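Asker: Pasting a structure below so you can have a look.
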Amino acid sequence: MSLYEESDGILETHVTWKDGFMSRIALVEPDWQNVEEGKELPQKFALKISSQLALIPFSKMMNYEGGEGFGAEKLAKLANLTRECHNREVEIYEQLIKFNCPDIPYTKVYSLKPFDNSDDLKGYMILEFIPNIHSFEMFQPIPIDDLHPLVRGIATFSALAQSLSPEETKLAIDRDYLEIMFKDFFNETEQAKKFETIRKLFEEDHPENAEKLIEAFKHYLKLIPRYTKISEILGFKLVLNHGDLWQSNMIYSKNKDGKLELKAMIDWQVAAIMPPGLDLSRLLVGCLSAKDRRERGQELLKCYHETFTRVLGKKLFSIRELQDSYNLYTPMMGLMLVPDIYMFIDSAKLSEEEKVEARKEARPNIVAIMEDVIEIHENNLVNYPEFMRI
């Protein structure tokens with residue numbers, strides 16, 4: 001391998017691209033020269049470059065602006081958000097390096113470059129390349145036994161982060177996480193489209209539940225400003241959450257026995273200081289099958305609570321409080337997931353036959369999420385009447 005040999009990457013080089021949500025990721029195969037004797041350098045590494053270019057195809061896939069995607073004006077407004085997300089992830093990786101804890105799986109870091117100011121156009125991270133990845137699409141459930149290491153990892157991270165100073169977490173999203181998310185990506189026009197999608201999804205077999213689900217979602221949308229004050233209202237303790245725990249942000253590989261091994265949690269761009277129910281609701285609603293969530297979901301809540309308490313050395317919150325925060329964030333996660341699961345299937349790199357099969361396999365879980373959200377919403381109205389009042 002050398003610079004004068006053609007390869008199958010960009011411009012026939014050894015660099016290949018993959019789009020993230022707010023980044024482009026290059027796989028680099030360097031040709032190291034004059035390496036010091038005894039020094040080991042990576043044969044491959046990942047170069048993650050923050051860029052809004054990745055937002056353009058994403059916004060089209062999500063059918064924003066009538067399928068046209070974000071225009072120049074919207075992208076300009078999101079420029080600061082892109083920089084903030086990148087610098088937040090840099091900050092989190094710095095803390096992960098500081099923790100140096102083997103129970104938190106994350107990619108090895110070679111170099112971090114934050115954006116220095118609003119005019120700086122160069123922000124990147126050079127990270128370990130992990131081979132033999134076993135990928136899960138966002139519509140594919142992960143077996144619950146394979147999520148236990150991840151739950152222990154995020155609980156350990158959140159517990160260790162309790163020792164960080166405000167200066168060390170200054171870039172983390174504050175309690176207005178939901179206000180930010182819905183302002184930038186789920187405005188009233190997008191909400192109306194999602195509600196119409198739900199009606200079409202269930203018009204043949206579950207029309208009554210579809211209307212119940214829409215009414216529940218509308219209820220929670222009115223509560224978003226109250227979620228910003230949930231700690232003051234309900235006394236929930238706040239921890240540093242990953243903020244975006246879904247299939248694409250977990251790296252698994254298979255060992256020689258064919259068993260899954262968690263290698264890393266990635267994409268810490270929306271780490272937020274929130275109740276722990278934020279991460280757990282995203283995880284249980286989006287990554288488990290209906291059977292695992294209903295029959296064994298409590299295992300993951302218990303695993304999180306036991307791990308967090310052990311690592312912190314004291315009980316910060318009860319298992320009951322953890323359950324309460326999970327219950328209150330689950331409908332919000334359902335709103336982000338239910339209308340878009342088929343869209344992710346349609347945009348996946350699958351044949352038409354595979355997409356038909358994926359829709360068939362995903363259907364029972366979508367229905368189960370709808371049923372569970374309706375049930376949880378009805379319980380929330382009884383259990384948290386003051387918070388739920390609109």
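Chains: A, B, ... in order of the structure tokens. Residues: from 1 per chain. Ligands: from 1, in order shown.
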Any idea what's packed within 9 Å of Val90 (chain A), counting only C-alpha atoms, ignoring anything in its chain fewer than 5 positions away? Could you give it as a PDB file with N, CA, C and O atoms, in the first residue's frame?
Answerer:
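Result file part.pdb:
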```pdb
ATOM      1  N   CYS A  85     -22.682  20.686  18.887  1.00  0.00           N
ATOM      2  CA  CYS A  85     -22.723  19.227  19.002  1.00  0.00           C
ATOM      3  C   CYS A  85     -21.325  18.632  18.926  1.00  0.00           C
ATOM      4  O   CYS A  85     -20.971  17.726  19.697  1.00  0.00           O
ATOM      5  N   GLN A  95     -13.625  13.606  28.928  1.00  0.00           N
ATOM      6  CA  GLN A  95     -13.987  13.050  30.227  1.00  0.00           C
ATOM      7  C   GLN A  95     -13.866  11.523  30.232  1.00  0.00           C
ATOM      8  O   GLN A  95     -13.456  10.930  31.235  1.00  0.00           O
ATOM      9  N   LEU A 112      -8.322  15.162  18.966  1.00  0.00           N
ATOM     10  CA  LEU A 112      -9.591  15.879  19.030  1.00  0.00           C
ATOM     11  C   LEU A 112      -9.366  17.337  18.654  1.00  0.00           C
ATOM     12  O   LEU A 112      -8.466  17.989  19.193  1.00  0.00           O
ATOM     13  N   LYS A 113     -10.162  17.852  17.732  1.00  0.00           N
ATOM     14  CA  LYS A 113     -10.054  19.249  17.320  1.00  0.00           C
ATOM     15  C   LYS A 113     -11.435  19.897  17.411  1.00  0.00           C
ATOM     16  O   LYS A 113     -12.300  19.681  16.563  1.00  0.00           O
ATOM     17  N   PRO A 114     -11.682  20.712  18.463  1.00  0.00           N
ATOM     18  CA  PRO A 114     -12.969  21.415  18.553  1.00  0.00           C
ATOM     19  C   PRO A 114     -12.992  22.621  17.628  1.00  0.00           C
ATOM     20  O   PRO A 114     -11.955  23.065  17.118  1.00  0.00           O
ATOM     21  N   TYR A 124     -12.826  18.189  14.008  1.00  0.00           N
ATOM     22  CA  TYR A 124     -12.725  16.778  13.661  1.00  0.00           C
ATOM     23  C   TYR A 124     -12.280  15.965  14.878  1.00  0.00           C
ATOM     24  O   TYR A 124     -11.806  16.495  15.889  1.00  0.00           O
ATOM     25  N   MET A 125     -12.419  14.667  14.743  1.00  0.00           N
ATOM     26  CA  MET A 125     -11.929  13.706  15.729  1.00  0.00           C
ATOM     27  C   MET A 125     -11.273  12.548  14.981  1.00  0.00           C
ATOM     28  O   MET A 125     -11.806  12.100  13.962  1.00  0.00           O
ATOM     29  N   TRP A 268     -21.649  11.053  20.995  1.00  0.00           N
ATOM     30  CA  TRP A 268     -22.035  11.675  22.259  1.00  0.00           C
ATOM     31  C   TRP A 268     -22.425  13.134  22.056  1.00  0.00           C
ATOM     32  O   TRP A 268     -22.325  13.949  22.958  1.00  0.00           O
ATOM     33  N   GLN A 269     -22.916  13.472  20.868  1.00  0.00           N
ATOM     34  CA  GLN A 269     -23.142  14.867  20.505  1.00  0.00           C
ATOM     35  C   GLN A 269     -24.264  15.542  21.275  1.00  0.00           C
ATOM     36  O   GLN A 269     -24.303  16.766  21.369  1.00  0.00           O
TER      37      GLN A 269
END
```
Asker: Using only C-alpha atoms, which residues sit within 8 Å of Pro141 (chain A) once same-chain residues fewer than 6 positions away are excluded, as a list in words?
Answerer: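 So, after excluding close chain neighbours, the residues are Gly286, Cys287, Leu288 and Ser289 of chain A.
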Asker: Selection from above, C-alpha atoms, as an mmCIF file, in the first residue's frame, can you write it?
Answerer:
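Everything below was put into out-v4.cif:
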```
data_model
loop_
_atom_site.group_PDB
_atom_site.id
_atom_site.type_symbol
_atom_site.label_atom_id
_atom_site.label_comp_id
_atom_site.auth_asym_id
_atom_site.auth_seq_id
_atom_site.Cartn_x
_atom_site.Cartn_y
_atom_site.Cartn_z
ATOM 1 C CA GLY A 286 -36.317 1.729 20.415
ATOM 2 C CA CYS A 287 -33.950 -1.208 20.838
ATOM 3 C CA LEU A 288 -35.950 -4.045 22.404
ATOM 4 C CA SER A 289 -38.491 -6.365 20.870
#
```
Asker: Mind checking DSSP for region 254-300 of chain A and telling me the strand (DSSP E or B) residues as a list of chain:residue names?
Answerer: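 Of region 254-300 of chain A, the ones in strand (DSSP E or B) are A:Lys254, A:Leu260, A:Glu261, A:Leu262, A:Lys263, A:Ala264, A:Met265, A:Ala272, A:Ile273, A:Met274.
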Asker: So that I can check the surroundings of region 162-172 of chain A, please list as an mmCIF file with C-alpha atoms, in the first residue's frame every protein, DNA and RNA residue that reaches within 7 Å of it, counting only C-alpha atoms and ignoring chain neighbours fewer than 2 positions away.
Answerer:
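Result file is part_36.cif:
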```cif
data_model
loop_
_atom_site.group_PDB
_atom_site.id
_atom_site.type_symbol
_atom_site.label_atom_id
_atom_site.label_comp_id
_atom_site.auth_asym_id
_atom_site.auth_seq_id
_atom_site.Cartn_x
_atom_site.Cartn_y
_atom_site.Cartn_z
ATOM 1 C CA ARG A 88 -19.893 18.718 23.202
ATOM 2 C CA SER A 158 -23.450 8.696 34.506
ATOM 3 C CA ALA A 159 -22.301 7.777 38.017
ATOM 4 C CA LEU A 160 -18.689 8.819 37.410
ATOM 5 C CA ASP A 174 -29.237 21.412 30.032
ATOM 6 C CA VAL A 239 -27.395 12.809 35.716
ATOM 7 C CA ALA A 271 -25.156 14.387 25.964
ATOM 8 C CA ALA A 272 -27.561 16.039 28.379
ATOM 9 C CA ILE A 273 -28.025 16.628 32.094
#
```
Asker: Which residues are close to region 224-235 of chain A, i.e. within 9 Å by only C-alpha atoms, leaving aside same-chain residues fewer than 2 positions away? Reply as a PyMOL selection string.
Answerer: chain A and resi 174-179+182+220-222+237-238+274-275+321+384+386-387
Asker: Which residue out of A:Leu201, A:Ile319, A:Ala368, A:Met181 has the minimum interatomic distance to Met332 (chain A) when only C-alpha atoms are used?
Answerer: A:Met181
Asker: Based on the backbone DSSP call, show me all residues of region 167-263 of chain A assigned helix (DSSP H, G or I), as a PyMOL selection string.
Answerer: chain A and resi 167-169+177-185+188-202+207-222+224-227+230-234+247-249
Asker: For each of A:Asn383, A:Lys108, A:Ile144, A:Phe99, take the minimum atom-to-atom distance to Leu301 (chain A), counting only C-alpha atoms, then give the residue where this is smallest.
Answerer: A:Ile144
Asker: One decimal, in Å: what's the spacing between CA of Trp246 (chain A) and CA of Leu283 (chain A)?
Answerer: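 For CA of Trp246 (chain A) relative to CA of Leu283 (chain A), the distance reads 6.3 Å.
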Asker: Name all residues at most 7 Å from region 40-48 of chain A (count only C-alpha atoms; drop same-chain ones fewer than 2 positions away) and give them as a list in words.
Answerer: Ser23, Arg24, Ile25, Ala26, Leu27, Val28, Glu29, Pro30, Gly38, Ser50, Tyr124, Met125, Ile126, Leu127, Glu128 and Phe129 of chain A
